[in-house]
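Asker: data.txt is the file, holding compact mmCIF, C-alpha atoms:
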```
# COMPACT_ATOMS: atom_id res chain seq x y z
CA MET A 1 103.67 82.61 122.17
CA ASP A 2 104.81 83.67 125.64
CA SER A 3 102.61 84.78 128.51
CA LEU A 4 103.26 88.50 127.99
CA ALA A 5 102.11 88.30 124.36
CA LEU A 6 98.96 86.46 125.43
CA VAL A 7 98.26 89.11 128.08
CA LEU A 8 98.65 91.87 125.48
CA ILE A 9 96.34 90.13 123.01
CA LEU A 10 93.61 89.56 125.59
CA GLY A 11 94.07 93.10 126.87
CA ALA A 12 93.73 94.44 123.33
CA VAL A 13 90.41 92.64 122.91
CA PHE A 14 89.08 94.08 126.15
CA CYS A 15 90.40 97.60 125.51
CA TRP A 16 88.90 97.68 122.04
CA ALA A 17 85.50 96.77 123.48
CA VAL A 18 85.84 99.75 125.82
CA ILE A 19 86.91 102.38 123.25
CA SER A 20 85.61 101.13 119.89
CA ALA A 21 82.52 103.36 119.80
CA ARG A 22 84.65 106.41 120.53
CA PHE A 23 87.04 105.77 117.64
CA MET A 24 84.69 104.85 114.80
CA ILE A 25 87.21 106.07 112.21
CA ILE A 26 89.32 103.04 113.18
CA SER A 27 87.54 99.81 112.31
CA THR A 28 87.95 96.57 114.22
CA PRO A 29 90.06 94.99 111.43
CA ILE A 30 92.38 98.02 111.30
CA PHE A 31 92.88 97.85 115.06
CA PHE A 32 93.70 94.15 115.24
CA VAL A 33 95.84 94.14 112.10
CA ALA A 34 97.84 96.94 113.73
CA VAL A 35 98.05 95.02 117.02
CA GLY A 36 99.28 91.89 115.27
CA LEU A 37 101.86 93.83 113.26
CA LEU A 38 103.04 95.70 116.36
CA LEU A 39 103.43 92.54 118.41
CA ALA A 40 105.22 90.63 115.64
CA GLU A 41 107.37 93.31 114.02
CA GLY A 42 107.33 96.29 116.34
CA ILE A 43 108.15 95.08 119.83
CA GLN A 44 108.74 91.51 118.58
CA LEU A 45 106.89 89.82 121.41
CA LEU A 46 104.81 87.62 119.13
CA ASP A 47 106.88 85.09 117.23
CA VAL A 48 104.14 83.48 115.16
CA GLN A 49 105.11 80.48 113.12
CA PRO A 50 101.64 78.98 112.83
CA ASP A 51 100.97 75.39 111.94
CA PRO A 52 99.22 75.62 108.54
CA HIS A 53 96.68 73.05 109.65
CA ALA A 54 95.87 74.97 112.83
CA THR A 55 95.59 78.24 110.92
CA LYS A 56 93.29 76.65 108.36
CA LEU A 57 91.17 75.16 111.15
CA LEU A 58 90.67 78.57 112.77
CA ALA A 59 89.86 80.06 109.37
CA GLU A 60 87.38 77.32 108.50
CA VAL A 61 85.58 77.46 111.85
CA THR A 62 85.31 81.25 111.62
CA LEU A 63 83.95 81.14 108.06
CA VAL A 64 81.42 78.43 108.93
CA TRP A 65 80.04 80.49 111.81
CA VAL A 66 79.95 83.66 109.70
CA LEU A 67 78.13 81.92 106.85
CA PHE A 68 75.62 80.29 109.19
CA ALA A 69 74.94 83.46 111.19
CA ASP A 70 74.60 85.69 108.14
CA ALA A 71 72.28 83.30 106.35
CA SER A 72 70.12 82.72 109.42
CA ARG A 73 69.28 86.42 109.59
CA VAL A 74 67.74 86.32 106.12
CA ARG A 75 63.96 86.25 106.00
CA VAL A 76 63.00 85.92 102.38
CA SER A 77 59.52 87.30 103.02
CA SER A 78 61.01 90.40 104.68
CA LEU A 79 63.26 91.20 101.72
CA ARG A 80 60.43 91.71 99.26
CA HIS A 81 60.51 95.52 99.49
CA ASP A 82 64.01 95.70 97.99
CA THR A 83 64.11 92.41 96.14
CA ALA A 84 65.03 94.05 92.84
CA ARG A 85 68.03 95.79 94.41
CA TYR A 86 69.29 92.59 96.06
CA VAL A 87 68.87 90.65 92.82
CA ARG A 88 70.81 93.29 90.92
CA LEU A 89 73.73 93.18 93.34
CA LEU A 90 73.84 89.42 93.92
CA ALA A 91 72.68 87.98 90.59
CA VAL A 92 74.29 90.60 88.34
CA GLY A 93 76.88 92.57 90.28
CA LEU A 94 78.55 89.64 92.04
CA PRO A 95 79.01 87.47 88.89
CA LEU A 96 80.33 90.51 87.05
CA THR A 97 82.78 91.21 89.88
CA ILE A 98 84.04 87.62 89.71
CA ALA A 99 84.27 87.74 85.91
CA PHE A 100 86.02 91.12 85.74
CA GLY A 101 88.33 90.15 88.61
CA SER A 102 89.24 86.88 86.90
CA VAL A 103 89.98 88.57 83.57
CA ALA A 104 92.07 91.23 85.29
CA ALA A 105 94.00 88.59 87.25
CA SER A 106 94.70 86.61 84.09
CA THR A 107 95.89 89.74 82.27
CA ILE A 108 97.78 91.62 84.98
CA LEU A 109 99.16 88.74 87.02
CA ASP A 110 99.61 86.41 84.03
CA VAL A 111 98.22 83.35 85.81
CA SER A 112 96.25 80.41 84.42
CA PRO A 113 92.43 80.65 84.16
CA TRP A 114 91.75 78.57 87.30
CA TYR A 115 94.13 80.63 89.42
CA ALA A 116 92.56 83.77 87.95
CA LEU A 117 89.10 82.51 88.89
CA LEU A 118 90.37 81.76 92.41
CA VAL A 119 91.59 85.35 92.81
CA GLY A 120 88.46 86.87 91.28
CA ALA A 121 86.07 84.81 93.41
CA ALA A 122 88.05 85.15 96.64
CA LEU A 123 88.00 88.93 96.34
CA ALA A 124 84.35 89.25 95.27
CA PRO A 125 82.64 88.99 98.70
CA THR A 126 82.23 92.16 100.72
CA ASP A 127 82.40 92.54 104.48
CA ALA A 128 79.97 94.84 106.27
CA ALA A 129 82.15 94.74 109.39
CA LEU A 130 84.76 96.86 107.62
CA GLY A 131 82.06 99.42 106.89
CA ALA A 132 80.71 99.53 110.43
CA ALA A 133 80.78 103.34 110.39
CA VAL A 134 78.43 103.30 107.40
CA MET A 135 76.19 100.57 108.82
CA THR A 136 75.57 102.36 112.11
CA ASP A 137 75.39 105.99 110.93
CA GLN A 138 71.78 107.18 111.09
CA ARG A 139 72.48 109.81 108.43
CA VAL A 140 72.77 107.08 105.82
CA PRO A 141 69.32 105.96 104.61
CA TYR A 142 68.29 102.76 106.32
CA ARG A 143 67.41 101.03 103.03
CA LEU A 144 70.92 101.65 101.73
CA ARG A 145 72.52 100.35 104.92
CA GLN A 146 70.38 97.26 104.75
CA THR A 147 71.22 96.76 101.08
CA LEU A 148 74.94 96.80 101.79
CA ASN A 149 74.49 94.58 104.84
CA VAL A 150 72.31 92.00 103.10
CA GLU A 151 74.72 91.94 100.15
CA SER A 152 77.70 91.29 102.41
CA GLY A 153 75.77 88.65 104.32
CA LEU A 154 74.91 86.65 101.20
CA ASN A 155 77.73 87.14 98.72
CA ASP A 156 80.32 85.17 100.70
CA GLY A 157 78.03 82.16 100.67
CA ILE A 158 77.43 82.55 96.93
CA ALA A 159 81.13 82.99 96.15
CA THR A 160 82.22 80.04 98.29
CA PRO A 161 81.34 77.30 95.77
CA VAL A 162 83.18 79.22 93.05
CA VAL A 163 86.30 79.37 95.22
CA THR A 164 86.12 75.69 96.14
CA THR A 165 85.49 74.70 92.52
CA ALA A 166 88.55 76.70 91.42
CA LEU A 167 90.64 74.99 94.11
CA ALA A 168 89.33 71.58 93.03
CA ALA A 169 90.12 72.33 89.39
CA ILE A 170 93.67 73.37 90.28
CA LEU A 171 94.12 70.09 92.14
CA VAL A 172 92.76 68.16 89.16
CA THR A 173 95.00 69.90 86.62
CA SER A 174 97.98 69.35 88.91
CA GLY A 175 97.28 65.62 89.14
CA LEU A 176 96.80 65.67 92.93
CA ASP A 177 93.81 64.12 94.72
CA THR A 178 91.99 63.85 91.41
CA ASP A 179 89.11 61.66 92.56
CA PHE A 180 88.49 63.70 95.68
CA ALA A 181 88.66 67.00 93.84
CA LEU A 182 86.31 65.83 91.11
CA GLY A 183 83.87 64.57 93.70
CA ARG A 184 83.83 67.94 95.41
CA ALA A 185 83.46 69.82 92.14
CA VAL A 186 80.68 67.69 90.65
CA LEU A 187 78.67 66.43 93.63
CA GLY A 188 79.71 68.78 96.41
CA LEU A 189 77.28 71.61 95.67
CA PRO A 190 73.96 69.71 95.45
CA LEU A 191 74.95 67.45 98.33
CA GLY A 192 75.82 70.48 100.42
CA VAL A 193 72.48 72.11 99.65
CA VAL A 194 70.49 69.00 100.57
CA LEU A 195 72.45 68.30 103.75
CA GLY A 196 72.27 71.94 104.80
CA LEU A 197 68.50 72.05 104.30
CA VAL A 198 67.99 68.89 106.34
CA ALA A 199 70.36 69.82 109.17
CA GLY A 200 69.23 73.44 109.44
CA ALA A 201 65.52 72.65 109.29
CA ALA A 202 65.84 69.81 111.79
CA GLY A 203 67.88 71.95 114.19
CA GLY A 204 65.57 74.96 113.90
CA THR A 205 62.44 72.87 114.35
CA ALA A 206 63.89 71.07 117.37
CA LEU A 207 64.90 74.37 118.97
CA ARG A 208 61.48 75.91 118.37
CA ILE A 209 59.66 72.92 119.89
CA ALA A 210 62.07 72.84 122.84
CA HIS A 211 61.45 76.55 123.53
CA ARG A 212 57.69 76.12 123.29
CA ARG A 213 57.54 73.15 125.65
CA GLY A 214 60.27 74.24 128.03
CA TRP A 215 62.48 71.26 127.38
CA GLY A 216 65.76 73.04 126.73
CA SER A 217 67.88 75.33 128.84
CA GLU A 218 68.28 78.80 127.34
CA GLU A 219 71.76 79.08 128.90
CA ILE A 220 73.19 76.48 126.53
CA ALA A 221 71.03 77.15 123.47
CA GLY A 222 73.67 79.48 122.01
CA PRO A 223 76.51 76.92 122.23
CA ALA A 224 74.10 74.36 120.78
CA VAL A 225 73.64 76.48 117.65
CA LEU A 226 77.40 76.92 117.40
CA ALA A 227 77.68 73.15 117.48
CA LEU A 228 74.91 72.78 114.88
CA ALA A 229 76.78 74.95 112.40
CA LEU A 230 80.01 73.00 112.86
CA LEU A 231 78.15 69.68 112.85
CA THR A 232 76.66 70.51 109.48
CA PHE A 233 80.07 71.38 108.09
CA VAL A 234 81.73 68.23 109.44
CA LEU A 235 78.96 65.95 108.19
CA ALA A 236 79.17 67.56 104.77
CA THR A 237 82.91 67.04 104.50
CA MET A 238 82.50 63.39 105.57
CA VAL A 239 80.27 62.72 102.53
CA LEU A 240 82.42 64.86 100.18
CA ALA A 241 79.80 67.61 100.07
CA ASN A 242 80.69 71.30 100.06
CA GLY A 243 80.77 72.09 103.77
CA TYR A 244 80.61 75.86 103.34
CA VAL A 245 77.55 75.68 101.12
CA ALA A 246 75.99 73.27 103.63
CA ALA A 247 76.63 75.70 106.51
CA PHE A 248 75.21 78.62 104.52
CA VAL A 249 72.05 76.74 103.49
CA ALA A 250 71.69 75.36 107.01
CA GLY A 251 71.68 78.93 108.32
CA ILE A 252 68.84 79.89 105.98
CA ALA A 253 66.86 76.78 106.92
CA PHE A 254 67.52 77.30 110.62
CA GLY A 255 66.42 80.93 110.50
CA SER A 256 63.22 79.98 108.66
CA THR A 257 62.23 77.22 111.10
CA ALA A 258 63.54 78.31 114.52
CA GLY A 259 61.19 81.29 114.77
CA ARG A 260 61.78 84.19 117.11
CA GLY A 261 63.20 81.86 119.69
CA GLY A 262 66.35 81.32 117.64
CA GLU A 263 67.34 84.97 117.24
CA SER A 264 69.26 85.28 120.51
CA GLU A 265 71.13 82.06 119.77
CA VAL A 266 72.17 83.41 116.38
CA TYR A 267 73.33 86.58 118.09
CA TYR A 268 75.46 84.39 120.36
CA VAL A 269 76.97 82.80 117.25
CA GLU A 270 77.69 86.25 115.82
CA GLN A 271 79.46 87.34 118.98
CA THR A 272 81.52 84.16 119.07
CA CYS A 273 82.62 84.41 115.46
CA GLY A 274 83.31 88.10 116.14
CA LEU A 275 85.96 87.04 118.65
CA ALA A 276 87.31 84.44 116.22
CA SER A 277 87.49 87.06 113.48
CA MET A 278 89.52 89.34 115.77
CA LEU A 279 92.07 86.54 116.11
CA CYS A 280 92.07 86.05 112.34
CA TRP A 281 92.77 89.74 111.79
CA LEU A 282 95.51 89.68 114.41
CA LEU A 283 97.14 86.71 112.66
CA PHE A 284 96.72 88.53 109.37
CA GLY A 285 98.66 91.50 110.77
CA ALA A 286 101.33 89.35 112.40
CA VAL A 287 101.91 86.88 109.57
CA ALA A 288 100.46 88.09 106.28
CA VAL A 289 101.37 91.77 106.37
CA PRO A 290 105.13 91.18 106.78
CA THR A 291 104.93 88.58 103.99
CA ILE A 292 103.11 91.03 101.74
CA ALA A 293 105.75 93.66 102.44
CA ALA A 294 108.41 91.22 101.26
CA ASP A 295 106.58 89.67 98.27
CA TRP A 296 104.55 92.49 96.74
CA SER A 297 105.13 93.65 93.17
CA TRP A 298 103.79 96.43 90.96
CA PRO A 299 101.38 94.10 89.11
CA ILE A 300 100.02 92.87 92.45
CA LEU A 301 99.56 96.45 93.67
CA LEU A 302 97.88 97.43 90.41
CA TYR A 303 95.45 94.54 90.68
CA ALA A 304 94.69 95.32 94.32
CA VAL A 305 93.84 98.93 93.48
CA LEU A 306 91.68 97.92 90.52
CA SER A 307 89.89 95.29 92.59
CA ILE A 308 88.60 97.73 95.21
CA THR A 309 87.88 100.50 92.71
CA VAL A 310 87.16 99.83 89.04
CA ILE A 311 86.25 96.13 89.20
CA ARG A 312 83.78 96.51 92.07
CA MET A 313 82.39 99.90 91.07
CA LEU A 314 81.94 99.06 87.39
CA SER A 315 80.12 95.84 88.30
CA VAL A 316 77.75 97.73 90.62
CA ALA A 317 77.17 100.43 88.01
CA LEU A 318 76.23 97.83 85.39
CA ALA A 319 73.99 96.05 87.91
CA PHE A 320 72.05 99.29 88.49
CA VAL A 321 71.48 100.01 84.78
CA GLY A 322 67.78 100.67 84.35
CA ALA A 323 67.13 101.03 88.07
CA ARG A 324 66.78 104.84 87.96
CA ALA A 325 69.28 105.15 90.80
CA SER A 326 71.18 108.39 91.27
CA MET A 327 74.86 108.51 90.37
CA ARG A 328 75.66 109.39 93.97
CA LEU A 329 73.89 106.24 95.19
CA VAL A 330 75.65 104.05 92.62
CA LEU A 331 79.09 105.47 93.47
CA PHE A 332 78.54 105.16 97.22
CA THR A 333 77.27 101.58 96.91
CA GLY A 334 80.11 100.67 94.58
CA TRP A 335 82.82 102.09 96.80
CA PHE A 336 81.58 100.54 100.04
CA GLY A 337 82.26 96.99 99.05
CA PRO A 338 85.18 96.37 101.42
CA ARG A 339 87.05 93.08 101.22
CA GLY A 340 87.43 91.41 104.55
CA LEU A 341 87.24 88.24 106.57
CA ALA A 342 85.87 85.94 103.86
CA SER A 343 88.72 86.85 101.50
CA VAL A 344 91.29 86.28 104.26
CA VAL A 345 89.79 82.89 105.04
CA PHE A 346 89.76 81.92 101.35
CA ALA A 347 93.44 82.88 101.13
CA LEU A 348 94.32 80.78 104.19
CA ILE A 349 92.43 77.79 102.83
CA ALA A 350 94.09 78.15 99.43
CA ALA A 351 97.51 78.39 101.06
CA GLU A 352 96.91 75.11 102.87
CA ASP A 353 95.27 73.20 100.02
CA LEU A 354 97.79 74.28 97.37
CA HIS A 355 101.01 74.42 99.37
CA ASP A 356 102.48 71.34 97.63
CA ILE A 357 101.59 72.47 94.11
CA PRO A 358 104.17 74.24 91.96
CA GLY A 359 102.70 77.41 90.56
CA PRO A 360 101.84 81.01 91.40
CA VAL A 361 100.37 80.17 94.81
CA ALA A 362 102.49 82.74 96.66
CA GLU A 363 101.58 85.43 94.13
CA VAL A 364 97.89 84.62 94.46
CA ILE A 365 98.02 84.75 98.27
CA ALA A 366 99.98 88.01 98.21
CA THR A 367 97.43 89.53 95.81
CA ILE A 368 94.49 88.62 98.03
CA GLY A 369 96.33 89.78 101.14
CA LEU A 370 97.38 93.15 99.71
CA THR A 371 93.88 93.82 98.39
CA VAL A 372 92.37 93.12 101.79
CA LEU A 373 95.01 95.26 103.52
CA LEU A 374 94.32 98.22 101.21
CA SER A 375 90.60 97.75 101.71
CA VAL A 376 90.94 97.67 105.49
CA VAL A 377 92.81 100.98 105.45
CA LEU A 378 91.04 102.86 102.64
CA HIS A 379 87.47 101.88 103.46
CA GLY A 380 88.06 102.48 107.15
CA LEU A 381 89.53 105.95 106.65
CA THR A 382 87.09 107.16 103.96
CA ALA A 383 83.88 106.13 105.72
CA GLN A 384 83.16 109.37 107.57
CA PRO A 385 84.18 111.80 104.79
CA LEU A 386 82.09 109.94 102.20
CA ILE A 387 79.11 109.70 104.53
CA ARG A 388 79.20 113.48 104.84
CA TRP A 389 79.44 113.78 101.04
CA PHE A 390 76.62 111.34 100.40
CA THR A 391 74.22 112.78 102.98
CA ALA A 392 74.91 116.46 102.30
CA GLY A 393 71.57 118.23 101.96
CA GLN A 394 69.54 115.07 102.64
CA PRO A 395 67.07 114.64 105.52
CA ALA A 396 68.03 112.28 108.33
CA SER A 397 67.16 108.64 107.88
CA ALA A 398 63.90 107.62 109.52
CA PRO A 399 64.23 105.02 112.26
CA PRO A 400 63.46 101.52 111.03
CA THR A 401 60.16 99.91 111.83
CA GLU A 402 60.01 96.57 113.61
CA ALA A 403 59.21 94.81 110.32
CA THR A 404 62.13 96.44 108.61
CA ALA A 405 64.53 95.61 111.44
CA GLU A 406 63.88 91.93 110.87
CA VAL A 407 65.78 92.20 107.58
CA THR A 408 69.02 92.68 109.51
CA VAL A 409 71.73 90.25 108.49
CA ARG A 410 74.53 91.14 110.84
CA HIS A 411 75.48 93.65 113.52
CA LEU A 412 72.82 96.32 112.88
CA VAL A 413 70.21 95.35 115.43
CA LYS A 414 70.69 93.34 118.58
CA PRO A 415 67.82 90.88 118.76
CA SER A 416 65.80 90.62 121.91
CA ARG A 417 64.20 87.56 123.39
CA GLN A 418 60.61 87.41 122.28
CA SER A 419 58.06 84.73 122.76
CA GLU A 420 57.00 82.97 119.62
```
Would you put the structure from the file into structure tokens?
Answerer:
Amino acid sequence: MDSLALVLILGAVFCWAVISARFMIISTPIFFVAVGLLLAEGIQLLDVQPDPHATKLLAEVTLVWVLFADASRVRVSSLRHDTARYVRLLAVGLPLTIAFGSVAASTILDVSPWYALLVGAALAPTDAALGAAVMTDQRVPYRLRQTLNVESGLNDGIATPVVTTALAAILVTSGLDTDFALGRAVLGLPLGVVLGLVAGAAGGTALRIAHRRGWGSEEIAGPAVLALALLTFVLATMVLANGYVAAFVAGIAFGSTAGRGGESEVYYVEQTCGLASMLCWLLFGAVAVPTIAADWSWPILLYAVLSITVIRMLSVALAFVGARASMRLVLFTGWFGPRGLASVVFALIAAEDLHDIPGPVAEVIATIGLTVLLSVVLHGLTAQPLIRWFTAGQPASAPPTEATAEVTVRHLVKPSRQSE
């Protein structure tokens, strides 16, 4: 990367911060995918031949911070008003999405069951950042915005062990790293949960005590929480635990023990992983999109379309059976399940872990990439028209109360420093 390309990338980040609120029809992922594609293929200033290990490292760090930050916003006691809706989407809708996606991948792409499960699980998580127009539009009922936001904040953490188990199983069946893969598959999940609980609770408690007694400096509390998330992940991988599950559970434990004092630090983590995600989207546009353009096929396109339409929407519809929800609500909820950063990160990790294995790895990566690309474009462009359709004839959404605002998982409410 030459100096001019670096200047353009940094300038793009700054310019987007200046104009993003004015151009809500263009989401952040759309913008940076376009910037990456323009730099690499348009004016050809960005010749990106990334080291797979470096790319995977960026992807892993970004996912760890996203999982930790999303989970730390969850207050179980504050979710009680819509518990039934969250349970329907996460305990019924998400498993159905993985199952339907896996069956469709096995049928349409003609891949083995473990590869099919990898595709289905990698494309199950949603990304509220791609639906920012929906999340910030006051015409959309606040409960619905929170439902979509909480779902996107939790489903990547729930899908992560399924993805890692599928990867481990592929390694086992290929005869590579058998002991390591079996250890991750069998012991990784419970070890990750235990380590995450311990690390998150210890970190949150220490931060709360430090705030109360004036021991710590607030200027470095945010970086400290960044380090805590990565520390949990690294420790988990050292003991063959599932690092992503550990980071996710650590976020929940941290949010439950840090008190109000930890909210600004979590916001700092969100802003940092927001910058990292911009770089991931730019790399996606510079590297993945040209590859997709060269490797796509009609079966891959068919699966991508089904993934963001029928598979997601049918799963949501079945999850809402018996809930007395209107058809308009079910359709709106089902459509706004955009695939985003988590799926991109899963694809990058799979590309690195499986690069030496003969099999449909390239087809799997292309399928995930094309699905995300379609989602970035379609969900970004349809947000405003469908908001108008959904809210036609409905009263404006009431502003959230302070208690309701605490439910926020990501990017809806900027937390303020409050004494505990």
Asker: Can you work out which one of A:Ile158, A:Ala166, A:Ala105, A:Leu341 has the shortest atom-to-atom distance to Gly274 in chain A, counting only C-alpha atoms?
Answerer: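 Checking each of A:Ile158, A:Ala166, A:Ala105, A:Leu341 against Gly274 in chain A, counting only C-alpha atoms, the winner is A:Leu341.
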Asker: Just how far from CA of Thr83 in chain A is CA of Ala201 in chain A, in Å to one decimal?
Answerer: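 One can read the CA of Ala201 in chain A to CA of Thr83 in chain A distance as 23.8 Å.
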Asker: Looking at only C-alpha atoms, which of A:Tyr142, A:Trp114, A:Phe284, A:Tyr303 is the one that sits closest to Ala169 in chain A?
Answerer: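 Closest to Ala169 in chain A of all the choices is A:Trp114.
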Asker: For Ser256 in chain A, which residue out of A:Thr367, A:Arg73, A:Leu191, A:Arg324 is the nearest one, using all atoms listed in the file?
Answerer: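 With all atoms listed in the file as the atom set, the closest residue is A:Arg73.
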Asker: So which residues are close to (85.3, 84.7, 93.8), meaning at most 12 Å away in the file's coordinates with all atoms listed in the file counted, and can you show them as a compact mmCIF listing (two decimals) with C-alpha atoms, in the frame of the given file?
Answerer:
```
# COMPACT_ATOMS: atom_id res chain seq x y z
CA LEU A 94 78.55 89.64 92.04
CA PRO A 95 79.01 87.47 88.89
CA LEU A 96 80.33 90.51 87.05
CA THR A 97 82.78 91.21 89.88
CA ILE A 98 84.04 87.62 89.71
CA ALA A 99 84.27 87.74 85.91
CA PHE A 100 86.02 91.12 85.74
CA GLY A 101 88.33 90.15 88.61
CA SER A 102 89.24 86.88 86.90
CA VAL A 103 89.98 88.57 83.57
CA ALA A 105 94.00 88.59 87.25
CA TRP A 114 91.75 78.57 87.30
CA TYR A 115 94.13 80.63 89.42
CA ALA A 116 92.56 83.77 87.95
CA LEU A 117 89.10 82.51 88.89
CA LEU A 118 90.37 81.76 92.41
CA VAL A 119 91.59 85.35 92.81
CA GLY A 120 88.46 86.87 91.28
CA ALA A 121 86.07 84.81 93.41
CA ALA A 122 88.05 85.15 96.64
CA LEU A 123 88.00 88.93 96.34
CA ALA A 124 84.35 89.25 95.27
CA PRO A 125 82.64 88.99 98.70
CA THR A 126 82.23 92.16 100.72
CA ASN A 155 77.73 87.14 98.72
CA ASP A 156 80.32 85.17 100.70
CA GLY A 157 78.03 82.16 100.67
CA ILE A 158 77.43 82.55 96.93
CA ALA A 159 81.13 82.99 96.15
CA THR A 160 82.22 80.04 98.29
CA PRO A 161 81.34 77.30 95.77
CA VAL A 162 83.18 79.22 93.05
CA VAL A 163 86.30 79.37 95.22
CA THR A 164 86.12 75.69 96.14
CA THR A 165 85.49 74.70 92.52
CA ALA A 166 88.55 76.70 91.42
CA LEU A 167 90.64 74.99 94.11
CA SER A 307 89.89 95.29 92.59
CA ARG A 339 87.05 93.08 101.22
CA ALA A 342 85.87 85.94 103.86
CA SER A 343 88.72 86.85 101.50
CA PHE A 346 89.76 81.92 101.35
CA ALA A 347 93.44 82.88 101.13
CA ILE A 368 94.49 88.62 98.03
```
Asker: Could you write out as lines of an AutoDock Vina configuration file the box around range 109-115 of chain A (axis-aligned, all atoms listed in the file, 4 Å on each side), with centre and edge lengths in Å to one decimal?
Answerer:
```
center_x = 95.7
center_y = 83.7
center_z = 86.7
size_x = 15.9
size_y = 18.2
size_z = 13.4
```
Asker: Nearest residue to Ala246 in chain A out of A:Leu189, A:Gly285, A:Gly222, A:Pro360, using only C-alpha atoms?
Answerer: A:Leu189
Asker: One number please: CA of Ser106 in chain A to CA of Leu302 in chain A, in Å, one decimal.
Answerer: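 CA of Ser106 in chain A sits 12.9 Å away from CA of Leu302 in chain A.
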Asker: Please determine, counting only C-alpha atoms, which residue among A:Ala69, A:Leu373, A:Leu231, A:Val321 has the shortest atom-to-atom distance to Glu265 in chain A.
Answerer: A:Ala69
Asker: Pick out the residues sitting within 12 Å of Ser297 in chain A, and hand them over as a ChimeraX atom specification; count all atoms listed in the file, and ignore anything fewer than 3 positions along from it in its own chain.
Answerer: /A:108-109,291-294,300-304,362-364,366-367,370
Asker: Could you jot down the CA of Ile349 in chain A to CA of Ile365 in chain A separation for me, Å, one decimal place?
Answerer: 10.0 Å
Asker: Find the residue from A:Leu230, A:Leu197, A:Leu331, A:Val92 that sits nearest to Ile252 in chain A; use only C-alpha atoms when measuring.
Answerer: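 Nearest to Ile252 in chain A: A:Leu197.
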Asker: Within 12 Å of (97.5, 96.2, 116.8) (file coordinates; all atoms listed in the file), which protein or nucleic acid residues are there? I'd like them as a CSV table (one decimal) with C-alpha atoms, in the frame of the given file.
Answerer:
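Wrote it out as part-v7.csv, contents follow:
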```csv
chain,number,residue,atom,x,y,z
A,5,ALA,CA,102.1,88.3,124.4
A,8,LEU,CA,98.6,91.9,125.5
A,9,ILE,CA,96.3,90.1,123.0
A,10,LEU,CA,93.6,89.6,125.6
A,11,GLY,CA,94.1,93.1,126.9
A,12,ALA,CA,93.7,94.4,123.3
A,13,VAL,CA,90.4,92.6,122.9
A,15,CYS,CA,90.4,97.6,125.5
A,16,TRP,CA,88.9,97.7,122.0
A,26,ILE,CA,89.3,103.0,113.2
A,27,SER,CA,87.5,99.8,112.3
A,28,THR,CA,88.0,96.6,114.2
A,29,PRO,CA,90.1,95.0,111.4
A,30,ILE,CA,92.4,98.0,111.3
A,31,PHE,CA,92.9,97.8,115.1
A,32,PHE,CA,93.7,94.2,115.2
A,33,VAL,CA,95.8,94.1,112.1
A,34,ALA,CA,97.8,96.9,113.7
A,35,VAL,CA,98.0,95.0,117.0
A,36,GLY,CA,99.3,91.9,115.3
A,37,LEU,CA,101.9,93.8,113.3
A,38,LEU,CA,103.0,95.7,116.4
A,39,LEU,CA,103.4,92.5,118.4
A,40,ALA,CA,105.2,90.6,115.6
A,41,GLU,CA,107.4,93.3,114.0
A,42,GLY,CA,107.3,96.3,116.3
A,43,ILE,CA,108.2,95.1,119.8
A,46,LEU,CA,104.8,87.6,119.1
A,278,MET,CA,89.5,89.3,115.8
A,279,LEU,CA,92.1,86.5,116.1
A,281,TRP,CA,92.8,89.7,111.8
A,282,LEU,CA,95.5,89.7,114.4
A,283,LEU,CA,97.1,86.7,112.7
A,284,PHE,CA,96.7,88.5,109.4
A,285,GLY,CA,98.7,91.5,110.8
A,286,ALA,CA,101.3,89.4,112.4
A,289,VAL,CA,101.4,91.8,106.4
```
Asker: Please list as number ranges by chain every residue within 10 Å of Glu218 in chain A, counting all atoms listed in the file and excluding residues in the same chain fewer than 4 positions away.
Answerer: A: 210-211, 214, 222-224, 261, 264-265
